[in-house]
Amino acid sequence: MEFTLGLPQGNFTIEQDRGWRTIATTTASRRHLRGCYGMGFAGYTWEENGPSLPARAGEQSLEEHVRALCELPFCDCLYIRCDWRQVQSRAGRLDFDPIWDLTLAAAEQYNLRVGFRVQLSSPNFQPEQLAMPDFLQDKIPFVEIGQSKRGVYREPRYDHPAFRAAFAELNQLLAERLDGHPRLDFMDLMMYGFWGEGHTGAHPKPFDDFYTAERTFCDMTELQLAAWKKTRIAVNTQPDINEVGNDRLHRACLDAGTWLRSDSIYTEEPQQVGMMRNRPTPCALILEDGAKRAYRLDEPYLAADAQGPRMDRNMRLALDAGASYWSLWTEGNNIAKYYEQYPDAINEMSARIGYRVRPAWVWQRKRYETDELVVAFANDGVAGVPGRLRVTVQDQAGNILAGGTLDAGAPEPGRLQQAAFMLPTGCEGKTLYLKAEVLDLGQLHPVPWACAEELEADGRFAVTLCGHEEKGWRYRV
């Protein structure tokens, strides 16, 4: 049996009982839950400018750069944000930059998760270098959209047949290689514009009119939603400043069950913050601070004032928005030094980010000539469960006696969700074990209970049932 059917979720009334006892309770833990699906701190092994500053300067190898991130005690996820040219250099196949294999191997070694974005365009290296692979540049027309400090910004014609064909091939190749990868949490939606975020800043869009832009953007999105079946897509909350159809895109993506991300929590507009706070409960939220992210202690932006360092305040803003992920950027050694001097906000975020579920109350009830467990699950985090929480009741050997799933997203942050587990006869007086997993897109991901009470070595929570002849049972009157 899969034990993925929905559980009875109450509320449960006394009229159903022939006797009940509270057999266990838990309290919230503040410990860091490392490497959980759909939540945590994300270290960037590659960003739009490359790896860490020391690695770019030749003072640190790529292996040392990745290891510095992995050895941060609060790093949970490794993230790659690269150009199209860094995953493909010829038609019909992928040619991953070495950082990909390093990242995936490190995630396996350190039990971390992975996310990525492939940028179709980036202003960082223009005009010397475009994000698009060289082999496509003579096949796809480009539009000059404005002047940069170094030259002219150019955007591809996303509506051109050659671009559409190459983009479809890119998604097919990436999905064949990575969709459902056991370490992969999410892929950022590949959007038009600078850094793949759905805008070209103060410069005009590379489309002839709004109709062409919206139709093209929606077609690109539908293609990605169709290609990625086992991995969540995250859509940027970028407002429609260039009039290309972002608002329609957001609605379509949320309806399809995508996650949300935003790259500059401090400077976000009311629309974006509203979208974050009003998102569906199972929708994970990926946040970062877009400014001064090298974590250099000599940077005035990081200097503490009466309210603490600006970066600390931005982390707390992310908690206000209900963050599932907080991005640490690339500078592992700098982040370690920052944490040594300013640990408070990171510690607070570590204890609250994402979902933190536990069995707050466990009751034993006599029903139908056997026993039933009723559990009130608490969520001490700031975000919902990114999928359905699957809970199973097991014996010591791991055999499943009962189980099923809660509603998608439940328990909601700061709230309780009850569920009942009908047990086979003969369980009275025995020690049984509660195990938690997240079921999302057909895949199960283990979840440790976020309680202060001791857990088994495998993360299960032990409860010992009462014998039917023991004193202390309560009965319906």
# chains A, B, ... in the order shown; residues from 1 in each chain; ligands from 1
call {"tool": "residues_around", "arguments": {"residues": "Lys435 (chain A)", "least_positions_apart": "3", "cutoff": "8 Å", "atoms": "only C-alpha atoms", "output": "list of chain:residue names"}}
result
A:Val391, A:Thr392, A:Val393, A:Gln394, A:Gly459, A:Arg460, A:Phe461
call {"tool": "residues_around", "arguments": {"residues": "region 182-195 of chain A", "least_positions_apart": "2", "cutoff": "7 Å", "atoms": "only C-alpha atoms", "output": "PDB file with N, CA and C atoms, in the first residue's frame"}}
result
ATOM      1  N   TYR A  37      13.387  19.082   2.115  1.00  0.00           N
ATOM      2  CA  TYR A  37      12.775  19.462   0.842  1.00  0.00           C
ATOM      3  C   TYR A  37      11.936  20.723   1.013  1.00  0.00           C
ATOM      4  N   GLY A  38      12.105  21.655   0.093  1.00  0.00           N
ATOM      5  CA  GLY A  38      11.229  22.820   0.037  1.00  0.00           C
ATOM      6  C   GLY A  38      11.475  23.877   1.075  1.00  0.00           C
ATOM      7  N   ARG A 113      20.054  19.984  -0.839  1.00  0.00           N
ATOM      8  CA  ARG A 113      19.147  20.072  -1.965  1.00  0.00           C
ATOM      9  C   ARG A 113      19.757  20.958  -3.057  1.00  0.00           C
ATOM     10  N   VAL A 114      19.099  21.055  -4.214  1.00  0.00           N
ATOM     11  CA  VAL A 114      19.633  21.817  -5.339  1.00  0.00           C
ATOM     12  C   VAL A 114      18.494  22.579  -6.015  1.00  0.00           C
ATOM     13  N   GLY A 115      18.790  23.788  -6.483  1.00  0.00           N
ATOM     14  CA  GLY A 115      17.894  24.553  -7.337  1.00  0.00           C
ATOM     15  C   GLY A 115      18.716  25.218  -8.420  1.00  0.00           C
ATOM     16  N   PHE A 116      18.054  25.664  -9.504  1.00  0.00           N
ATOM     17  CA  PHE A 116      18.825  26.316 -10.560  1.00  0.00           C
ATOM     18  C   PHE A 116      17.941  27.225 -11.404  1.00  0.00           C
ATOM     19  N   ARG A 117      18.623  28.129 -12.136  1.00  0.00           N
ATOM     20  CA  ARG A 117      18.008  28.953 -13.167  1.00  0.00           C
ATOM     21  C   ARG A 117      18.948  29.018 -14.363  1.00  0.00           C
ATOM     22  N   VAL A 118      18.412  28.831 -15.545  1.00  0.00           N
ATOM     23  CA  VAL A 118      19.160  29.043 -16.778  1.00  0.00           C
ATOM     24  C   VAL A 118      18.672  30.359 -17.379  1.00  0.00           C
ATOM     25  N   GLN A 119      19.576  31.327 -17.487  1.00  0.00           N
ATOM     26  CA  GLN A 119      19.230  32.661 -17.987  1.00  0.00           C
ATOM     27  C   GLN A 119      19.281  32.687 -19.512  1.00  0.00           C
ATOM     28  N   LEU A 120      18.196  33.124 -20.114  1.00  0.00           N
ATOM     29  CA  LEU A 120      18.144  33.276 -21.566  1.00  0.00           C
ATOM     30  C   LEU A 120      18.789  34.578 -21.998  1.00  0.00           C
ATOM     31  N   SER A 121      18.909  35.506 -21.065  1.00  0.00           N
ATOM     32  CA  SER A 121      19.528  36.803 -21.339  1.00  0.00           C
ATOM     33  C   SER A 121      20.098  37.340 -20.033  1.00  0.00           C
ATOM     34  N   SER A 122      21.175  38.089 -20.149  1.00  0.00           N
ATOM     35  CA  SER A 122      21.758  38.733 -18.978  1.00  0.00           C
ATOM     36  C   SER A 122      22.517  39.961 -19.433  1.00  0.00           C
ATOM     37  N   PRO A 123      22.406  41.072 -18.698  1.00  0.00           N
ATOM     38  CA  PRO A 123      23.154  42.273 -19.080  1.00  0.00           C
ATOM     39  C   PRO A 123      24.592  42.276 -18.572  1.00  0.00           C
ATOM     40  N   GLY A 180      12.879  15.378 -11.797  1.00  0.00           N
ATOM     41  CA  GLY A 180      12.755  14.293 -10.841  1.00  0.00           C
ATOM     42  C   GLY A 180      14.058  13.862 -10.215  1.00  0.00           C
ATOM     43  N   GLU A 197      14.282  37.269 -15.554  1.00  0.00           N
ATOM     44  CA  GLU A 197      13.331  37.667 -14.520  1.00  0.00           C
ATOM     45  C   GLU A 197      12.032  38.255 -15.055  1.00  0.00           C
ATOM     46  N   GLY A 198      11.874  38.370 -16.370  1.00  0.00           N
ATOM     47  CA  GLY A 198      10.634  38.904 -16.916  1.00  0.00           C
ATOM     48  C   GLY A 198      10.606  40.404 -17.046  1.00  0.00           C
ATOM     49  N   HIS A 199      11.775  41.018 -17.274  1.00  0.00           N
ATOM     50  CA  HIS A 199      11.817  42.473 -17.472  1.00  0.00           C
ATOM     51  C   HIS A 199      13.112  42.835 -18.191  1.00  0.00           C
ATOM     52  N   THR A 200      13.142  44.032 -18.747  1.00  0.00           N
ATOM     53  CA  THR A 200      14.380  44.599 -19.289  1.00  0.00           C
ATOM     54  C   THR A 200      14.647  45.959 -18.647  1.00  0.00           C
ATOM     55  N   THR A 231       9.426  18.079 -10.966  1.00  0.00           N
ATOM     56  CA  THR A 231      10.193  19.115 -10.269  1.00  0.00           C
ATOM     57  C   THR A 231       9.385  20.406 -10.282  1.00  0.00           C
ATOM     58  N   ARG A 232       9.315  21.071  -9.139  1.00  0.00           N
ATOM     59  CA  ARG A 232       8.574  22.326  -9.052  1.00  0.00           C
ATOM     60  C   ARG A 232       9.288  23.439  -9.804  1.00  0.00           C
ATOM     61  N   ILE A 233       8.500  24.252 -10.484  1.00  0.00           N
ATOM     62  CA  ILE A 233       8.978  25.459 -11.136  1.00  0.00           C
ATOM     63  C   ILE A 233       8.667  26.642 -10.221  1.00  0.00           C
ATOM     64  N   ALA A 234       9.603  27.584 -10.118  1.00  0.00           N
ATOM     65  CA  ALA A 234       9.389  28.803  -9.335  1.00  0.00           C
ATOM     66  C   ALA A 234       9.337  29.991 -10.282  1.00  0.00           C
ATOM     67  N   VAL A 235       8.289  30.803 -10.157  1.00  0.00           N
ATOM     68  CA  VAL A 235       8.113  31.954 -11.040  1.00  0.00           C
ATOM     69  C   VAL A 235       8.452  33.233 -10.279  1.00  0.00           C
TER      70      VAL A 235
END
call {"tool": "select_by_dssp", "arguments": {"residues": "region 166-328 of chain A", "states": "helix (DSSP H, G or I)", "output": "PyMOL selection string"}}
result
chain A and resi 166-178+194-196+210-227+246-255+265-267+270-277+300-302+310-320
call {"tool": "residues_around", "arguments": {"residues": "region 290-303 of chain A", "least_positions_apart": "5", "cutoff": "10 Å", "atoms": "only C-alpha atoms", "output": "MDAnalysis selection string"}}
result
chainID A and resid 52:53 262:267 308:312 327:339 341:342
call {"tool": "closest_atom_pairs", "arguments": {"of": "region 310-368 of chain A", "to": "region 2-19 of chain A", "cutoff": "12 Å", "atoms": "only C-alpha atoms", "output": "Markdown table"}}
result
| residue | atom | partner | partner_atom | distance |
| --- | --- | --- | --- | --- |
| A:Trp363 | CA | A:Gly19 | CA | 10.4 |
| A:Gln364 | CA | A:Gly19 | CA | 8.4 |
| A:Arg365 | CA | A:Gly19 | CA | 5.8 |
| A:Lys366 | CA | A:Gly19 | CA | 5.5 |
| A:Arg367 | CA | A:Arg18 | CA | 6.5 |
| A:Tyr368 | CA | A:Arg18 | CA | 9.2 |
call {"tool": "write_last_selection", "arguments": {"atoms": "C-alpha atoms", "output": "compact mmCIF listing (two decimals), in the first residue's frame"}}
result
# COMPACT_ATOMS: atom_id res chain seq x y z
CA TRP A 363 -4.24 10.83 21.92
CA GLN A 364 -5.12 7.14 22.12
CA ARG A 365 -8.80 6.25 21.65
CA LYS A 366 -10.72 3.00 21.93
CA ARG A 367 -12.82 2.52 18.81
CA TYR A 368 -14.30 -0.40 16.89
call {"tool": "residues_around", "arguments": {"residues": "region 207-213 of chain A", "least_positions_apart": "6", "cutoff": "12 Å", "atoms": "only C-alpha atoms", "output": "list in words"}}
result
Pro141, Phe142, Val143, Glu144, Ile145, Glu155, Pro156, Arg157, Tyr158, Asp159, His160, Met191, Tyr192, Gly193, Gly198, His199, Thr200, Asp219, Met220, Asp240, Ile241, Asn242, Glu243, Val244, Gly245, Asn246, Arg248 and Leu249 of chain A
call {"tool": "write_last_selection", "arguments": {"atoms": "N, CA and C atoms", "output": "PDB file, in the first residue's frame"}}
result
ATOM      1  N   PRO A 141      17.457  36.404 -34.664  1.00  0.00           N
ATOM      2  CA  PRO A 141      17.631  37.861 -34.698  1.00  0.00           C
ATOM      3  C   PRO A 141      17.683  38.447 -33.288  1.00  0.00           C
ATOM      4  N   PHE A 142      18.400  39.551 -33.146  1.00  0.00           N
ATOM      5  CA  PHE A 142      18.480  40.286 -31.886  1.00  0.00           C
ATOM      6  C   PHE A 142      17.971  41.705 -32.083  1.00  0.00           C
ATOM      7  N   VAL A 143      17.475  42.277 -30.988  1.00  0.00           N
ATOM      8  CA  VAL A 143      16.945  43.632 -30.999  1.00  0.00           C
ATOM      9  C   VAL A 143      17.793  44.497 -30.079  1.00  0.00           C
ATOM     10  N   GLU A 144      18.258  45.625 -30.565  1.00  0.00           N
ATOM     11  CA  GLU A 144      18.970  46.573 -29.711  1.00  0.00           C
ATOM     12  C   GLU A 144      17.942  47.362 -28.902  1.00  0.00           C
ATOM     13  N   ILE A 145      18.027  47.251 -27.572  1.00  0.00           N
ATOM     14  CA  ILE A 145      16.993  47.863 -26.731  1.00  0.00           C
ATOM     15  C   ILE A 145      17.494  49.062 -25.935  1.00  0.00           C
ATOM     16  N   GLU A 155      18.634  41.962 -27.022  1.00  0.00           N
ATOM     17  CA  GLU A 155      17.750  40.880 -26.590  1.00  0.00           C
ATOM     18  C   GLU A 155      17.366  40.043 -27.802  1.00  0.00           C
ATOM     19  N   PRO A 156      17.248  38.722 -27.643  1.00  0.00           N
ATOM     20  CA  PRO A 156      16.801  37.893 -28.764  1.00  0.00           C
ATOM     21  C   PRO A 156      15.328  38.127 -29.076  1.00  0.00           C
ATOM     22  N   ARG A 157      14.932  37.831 -30.289  1.00  0.00           N
ATOM     23  CA  ARG A 157      13.513  37.816 -30.642  1.00  0.00           C
ATOM     24  C   ARG A 157      12.936  36.491 -30.154  1.00  0.00           C
ATOM     25  N   TYR A 158      12.337  36.552 -28.980  1.00  0.00           N
ATOM     26  CA  TYR A 158      11.811  35.337 -28.359  1.00  0.00           C
ATOM     27  C   TYR A 158      10.675  34.718 -29.182  1.00  0.00           C
ATOM     28  N   ASP A 159      10.054  35.515 -30.048  1.00  0.00           N
ATOM     29  CA  ASP A 159       8.955  35.004 -30.856  1.00  0.00           C
ATOM     30  C   ASP A 159       9.422  34.434 -32.195  1.00  0.00           C
ATOM     31  N   HIS A 160      10.708  34.463 -32.475  1.00  0.00           N
ATOM     32  CA  HIS A 160      11.219  33.968 -33.751  1.00  0.00           C
ATOM     33  C   HIS A 160      11.190  32.434 -33.766  1.00  0.00           C
ATOM     34  N   MET A 191      12.375  32.982 -17.938  1.00  0.00           N
ATOM     35  CA  MET A 191      11.560  34.098 -18.390  1.00  0.00           C
ATOM     36  C   MET A 191      12.357  34.975 -19.353  1.00  0.00           C
ATOM     37  N   TYR A 192      11.665  35.796 -20.103  1.00  0.00           N
ATOM     38  CA  TYR A 192      12.334  36.733 -20.991  1.00  0.00           C
ATOM     39  C   TYR A 192      13.084  37.768 -20.165  1.00  0.00           C
ATOM     40  N   GLY A 193      14.119  38.368 -20.735  1.00  0.00           N
ATOM     41  CA  GLY A 193      14.693  39.577 -20.169  1.00  0.00           C
ATOM     42  C   GLY A 193      15.904  39.374 -19.295  1.00  0.00           C
ATOM     43  N   GLY A 198      11.874  38.370 -16.370  1.00  0.00           N
ATOM     44  CA  GLY A 198      10.634  38.904 -16.916  1.00  0.00           C
ATOM     45  C   GLY A 198      10.606  40.404 -17.046  1.00  0.00           C
ATOM     46  N   HIS A 199      11.775  41.018 -17.274  1.00  0.00           N
ATOM     47  CA  HIS A 199      11.817  42.473 -17.472  1.00  0.00           C
ATOM     48  C   HIS A 199      13.112  42.835 -18.191  1.00  0.00           C
ATOM     49  N   THR A 200      13.142  44.032 -18.747  1.00  0.00           N
ATOM     50  CA  THR A 200      14.380  44.599 -19.289  1.00  0.00           C
ATOM     51  C   THR A 200      14.647  45.959 -18.647  1.00  0.00           C
ATOM     52  N   ASP A 219       3.372  31.198 -24.208  1.00  0.00           N
ATOM     53  CA  ASP A 219       3.798  29.984 -24.904  1.00  0.00           C
ATOM     54  C   ASP A 219       5.069  29.414 -24.266  1.00  0.00           C
ATOM     55  N   MET A 220       6.012  30.271 -23.926  1.00  0.00           N
ATOM     56  CA  MET A 220       7.243  29.815 -23.266  1.00  0.00           C
ATOM     57  C   MET A 220       6.938  29.159 -21.928  1.00  0.00           C
ATOM     58  N   ASP A 240       4.681  43.782 -14.063  1.00  0.00           N
ATOM     59  CA  ASP A 240       4.688  43.892 -15.519  1.00  0.00           C
ATOM     60  C   ASP A 240       5.149  45.283 -15.960  1.00  0.00           C
ATOM     61  N   ILE A 241       6.369  45.666 -15.549  1.00  0.00           N
ATOM     62  CA  ILE A 241       6.844  47.024 -15.827  1.00  0.00           C
ATOM     63  C   ILE A 241       7.118  47.231 -17.314  1.00  0.00           C
ATOM     64  N   ASN A 242       7.369  46.158 -18.064  1.00  0.00           N
ATOM     65  CA  ASN A 242       7.644  46.288 -19.492  1.00  0.00           C
ATOM     66  C   ASN A 242       6.455  45.883 -20.362  1.00  0.00           C
ATOM     67  N   GLU A 243       5.325  45.634 -19.735  1.00  0.00           N
ATOM     68  CA  GLU A 243       4.079  45.319 -20.443  1.00  0.00           C
ATOM     69  C   GLU A 243       4.269  44.146 -21.410  1.00  0.00           C
ATOM     70  N   VAL A 244       4.547  43.003 -20.795  1.00  0.00           N
ATOM     71  CA  VAL A 244       4.755  41.786 -21.586  1.00  0.00           C
ATOM     72  C   VAL A 244       3.839  40.645 -21.153  1.00  0.00           C
ATOM     73  N   GLY A 245       2.988  40.865 -20.125  1.00  0.00           N
ATOM     74  CA  GLY A 245       2.049  39.827 -19.717  1.00  0.00           C
ATOM     75  C   GLY A 245       2.368  39.137 -18.422  1.00  0.00           C
ATOM     76  N   ASN A 246       3.212  39.753 -17.576  1.00  0.00           N
ATOM     77  CA  ASN A 246       3.585  39.101 -16.316  1.00  0.00           C
ATOM     78  C   ASN A 246       2.389  38.777 -15.435  1.00  0.00           C
ATOM     79  N   ARG A 248      -0.727  37.986 -16.164  1.00  0.00           N
ATOM     80  CA  ARG A 248      -1.394  36.767 -16.619  1.00  0.00           C
ATOM     81  C   ARG A 248      -0.512  35.546 -16.355  1.00  0.00           C
ATOM     82  N   LEU A 249       0.764  35.740 -16.537  1.00  0.00           N
ATOM     83  CA  LEU A 249       1.712  34.648 -16.316  1.00  0.00           C
ATOM     84  C   LEU A 249       1.683  34.183 -14.860  1.00  0.00           C
TER      85      LEU A 249
END
call {"tool": "atom_distance", "arguments": {"atom1": "CA of Ala57 (chain A)", "atom2": "CA of Tyr153 (chain A)"}}
result
26.0 Å
call {"tool": "select_by_dssp", "arguments": {"residues": "region 285-440 of chain A", "states": "strand (DSSP E)", "output": "PyMOL selection string"}}
result
chain A and resi 285-287+325-329+357-367+370-379+388-394+400-405+416-422+431-440
call {"tool": "closest_residue", "arguments": {"among": "A:Asn124, A:Gln443, A:Thr221, A:Gln238", "to": "Pro270 (chain A)", "atoms": "only C-alpha atoms"}}
result
A:Gln238
call {"tool": "residues_around", "arguments": {"residues": "region 322-324 of chain A", "least_positions_apart": "4", "cutoff": "7 Å", "atoms": "only C-alpha atoms", "output": "PyMOL selection string"}}
result
chain A and resi 38-40+277+284-287+318+353-354+382-383
call {"tool": "write_last_selection", "arguments": {"atoms": "N, CA and C atoms", "output": "mmCIF file, in the first residue's frame"}}
result
data_model
loop_
_atom_site.group_PDB
_atom_site.id
_atom_site.type_symbol
_atom_site.label_atom_id
_atom_site.label_comp_id
_atom_site.auth_asym_id
_atom_site.auth_seq_id
_atom_site.Cartn_x
_atom_site.Cartn_y
_atom_site.Cartn_z
ATOM 1 N N GLY A 38 12.105 21.655 0.093
ATOM 2 C CA GLY A 38 11.229 22.820 0.037
ATOM 3 C C GLY A 38 11.475 23.877 1.075
ATOM 4 N N MET A 39 12.687 23.955 1.660
ATOM 5 C CA MET A 39 12.952 24.988 2.653
ATOM 6 C C MET A 39 14.443 25.071 2.947
ATOM 7 N N GLY A 40 14.855 26.207 3.534
ATOM 8 C CA GLY A 40 16.208 26.323 4.058
ATOM 9 C C GLY A 40 16.998 27.473 3.463
ATOM 10 N N ARG A 277 2.402 36.991 0.467
ATOM 11 C CA ARG A 277 1.630 36.688 1.669
ATOM 12 C C ARG A 277 0.301 36.024 1.350
ATOM 13 N N ALA A 284 5.801 27.202 -1.995
ATOM 14 C CA ALA A 284 7.029 27.636 -1.333
ATOM 15 C C ALA A 284 7.463 28.995 -1.887
ATOM 16 N N LEU A 285 8.178 29.767 -1.054
ATOM 17 C CA LEU A 285 8.623 31.113 -1.412
ATOM 18 C C LEU A 285 10.138 31.207 -1.257
ATOM 19 N N ILE A 286 10.813 31.551 -2.351
ATOM 20 C CA ILE A 286 12.280 31.651 -2.384
ATOM 21 C C ILE A 286 12.639 33.127 -2.417
ATOM 22 N N LEU A 287 13.429 33.586 -1.447
ATOM 23 C CA LEU A 287 13.757 35.005 -1.334
ATOM 24 C C LEU A 287 15.256 35.209 -1.219
ATOM 25 N N ALA A 318 12.065 38.807 5.304
ATOM 26 C CA ALA A 318 11.764 37.560 4.603
ATOM 27 C C ALA A 318 10.875 36.663 5.462
ATOM 28 N N ILE A 353 12.291 29.483 9.533
ATOM 29 C CA ILE A 353 12.101 29.483 8.088
ATOM 30 C C ILE A 353 11.382 28.219 7.635
ATOM 31 N N GLY A 354 10.567 28.372 6.601
ATOM 32 C CA GLY A 354 9.893 27.215 6.022
ATOM 33 C C GLY A 354 8.843 26.631 6.938
ATOM 34 N N VAL A 382 7.129 29.547 9.289
ATOM 35 C CA VAL A 382 6.407 30.691 8.725
ATOM 36 C C VAL A 382 5.795 30.363 7.366
ATOM 37 N N ALA A 383 5.972 29.130 6.884
ATOM 38 C CA ALA A 383 5.449 28.742 5.576
ATOM 39 C C ALA A 383 4.702 27.423 5.691
#
call {"tool": "residues_around", "arguments": {"residues": "Glu47 (chain A)", "least_positions_apart": "5", "cutoff": "7 Å", "atoms": "only C-alpha atoms", "output": "PyMOL selection string"}}
result
chain A and resi 80-82
call {"tool": "closest_residue", "arguments": {"among": "A:Arg358, A:Lys149, A:Lys471, A:Lys430", "to": "Gln418 (chain A)", "atoms": "only C-alpha atoms"}}
result
A:Arg358
call {"tool": "closest_residue", "arguments": {"among": "A:Glu222, A:Glu288, A:Asp138, A:Glu176", "to": "Tyr44 (chain A)", "atoms": "only C-alpha atoms"}}
result
A:Glu288
call {"tool": "closest_residue", "arguments": {"among": "A:Ala68, A:Val385, A:Leu416, A:Ala402", "to": "His445 (chain A)", "atoms": "only C-alpha atoms"}}
result
A:Val385
call {"tool": "residues_around", "arguments": {"residues": "Gly151 (chain A)", "least_positions_apart": "2", "cutoff": "9 Å", "atoms": "only C-alpha atoms", "output": "list of chain:residue names"}}
result
A:Gln126, A:Pro127, A:Glu128, A:Gly146, A:Gln147, A:Ser148, A:Lys149, A:Tyr153
call {"tool": "closest_residue", "arguments": {"among": "A:Pro133, A:Lys229, A:Pro239, A:Leu78", "to": "Gly442 (chain A)", "atoms": "only C-alpha atoms"}}
result
A:Lys229
call {"tool": "closest_residue", "arguments": {"among": "A:Ala175, A:Met349, A:Ile140, A:Ala105", "to": "Pro161 (chain A)", "atoms": "only C-alpha atoms"}}
result
A:Ile140
call {"tool": "decode", "arguments": {"residues": "region 56-71 of chain A", "atoms": "N, CA and C atoms", "output": "PDB file, in the first residue's frame"}}
result
ATOM      1  N   ARG A  56      36.652  33.705  -8.659  1.00  0.00           N
ATOM      2  CA  ARG A  56      36.759  34.483  -9.898  1.00  0.00           C
ATOM      3  C   ARG A  56      38.141  35.120 -10.025  1.00  0.00           C
ATOM      4  N   ALA A  57      38.760  35.418  -8.887  1.00  0.00           N
ATOM      5  CA  ALA A  57      40.088  36.039  -8.902  1.00  0.00           C
ATOM      6  C   ALA A  57      41.211  35.010  -8.960  1.00  0.00           C
ATOM      7  N   GLY A  58      40.874  33.723  -8.973  1.00  0.00           N
ATOM      8  CA  GLY A  58      41.889  32.683  -9.004  1.00  0.00           C
ATOM      9  C   GLY A  58      42.521  32.388  -7.656  1.00  0.00           C
ATOM     10  N   GLU A  59      41.948  32.946  -6.584  1.00  0.00           N
ATOM     11  CA  GLU A  59      42.493  32.727  -5.247  1.00  0.00           C
ATOM     12  C   GLU A  59      41.875  31.513  -4.562  1.00  0.00           C
ATOM     13  N   GLN A  60      40.895  30.896  -5.192  1.00  0.00           N
ATOM     14  CA  GLN A  60      40.164  29.782  -4.600  1.00  0.00           C
ATOM     15  C   GLN A  60      39.706  28.880  -5.747  1.00  0.00           C
ATOM     16  N   SER A  61      39.878  27.581  -5.596  1.00  0.00           N
ATOM     17  CA  SER A  61      39.397  26.670  -6.629  1.00  0.00           C
ATOM     18  C   SER A  61      37.883  26.549  -6.544  1.00  0.00           C
ATOM     19  N   LEU A  62      37.272  26.054  -7.620  1.00  0.00           N
ATOM     20  CA  LEU A  62      35.837  25.820  -7.586  1.00  0.00           C
ATOM     21  C   LEU A  62      35.478  24.827  -6.489  1.00  0.00           C
ATOM     22  N   GLU A  63      36.320  23.804  -6.311  1.00  0.00           N
ATOM     23  CA  GLU A  63      36.050  22.818  -5.267  1.00  0.00           C
ATOM     24  C   GLU A  63      36.080  23.466  -3.878  1.00  0.00           C
ATOM     25  N   GLU A  64      37.042  24.347  -3.640  1.00  0.00           N
ATOM     26  CA  GLU A  64      37.116  25.038  -2.346  1.00  0.00           C
ATOM     27  C   GLU A  64      35.925  25.966  -2.154  1.00  0.00           C
ATOM     28  N   HIS A  65      35.523  26.629  -3.213  1.00  0.00           N
ATOM     29  CA  HIS A  65      34.365  27.521  -3.156  1.00  0.00           C
ATOM     30  C   HIS A  65      33.101  26.744  -2.778  1.00  0.00           C
ATOM     31  N   VAL A  66      32.852  25.623  -3.440  1.00  0.00           N
ATOM     32  CA  VAL A  66      31.658  24.825  -3.147  1.00  0.00           C
ATOM     33  C   VAL A  66      31.736  24.266  -1.732  1.00  0.00           C
ATOM     34  N   ARG A  67      32.906  23.804  -1.329  1.00  0.00           N
ATOM     35  CA  ARG A  67      33.057  23.230   0.011  1.00  0.00           C
ATOM     36  C   ARG A  67      32.810  24.275   1.099  1.00  0.00           C
ATOM     37  N   ALA A  68      33.250  25.515   0.878  1.00  0.00           N
ATOM     38  CA  ALA A  68      33.025  26.577   1.873  1.00  0.00           C
ATOM     39  C   ALA A  68      31.542  26.801   2.116  1.00  0.00           C
ATOM     40  N   LEU A  69      30.732  26.705   1.064  1.00  0.00           N
ATOM     41  CA  LEU A  69      29.289  26.829   1.236  1.00  0.00           C
ATOM     42  C   LEU A  69      28.711  25.624   1.965  1.00  0.00           C
ATOM     43  N   CYS A  70      29.118  24.430   1.551  1.00  0.00           N
ATOM     44  CA  CYS A  70      28.560  23.203   2.143  1.00  0.00           C
ATOM     45  C   CYS A  70      28.880  23.090   3.626  1.00  0.00           C
ATOM     46  N   GLU A  71      30.004  23.633   4.040  1.00  0.00           N
ATOM     47  CA  GLU A  71      30.410  23.493   5.438  1.00  0.00           C
ATOM     48  C   GLU A  71      29.799  24.545   6.352  1.00  0.00           C
TER      49      GLU A  71
END
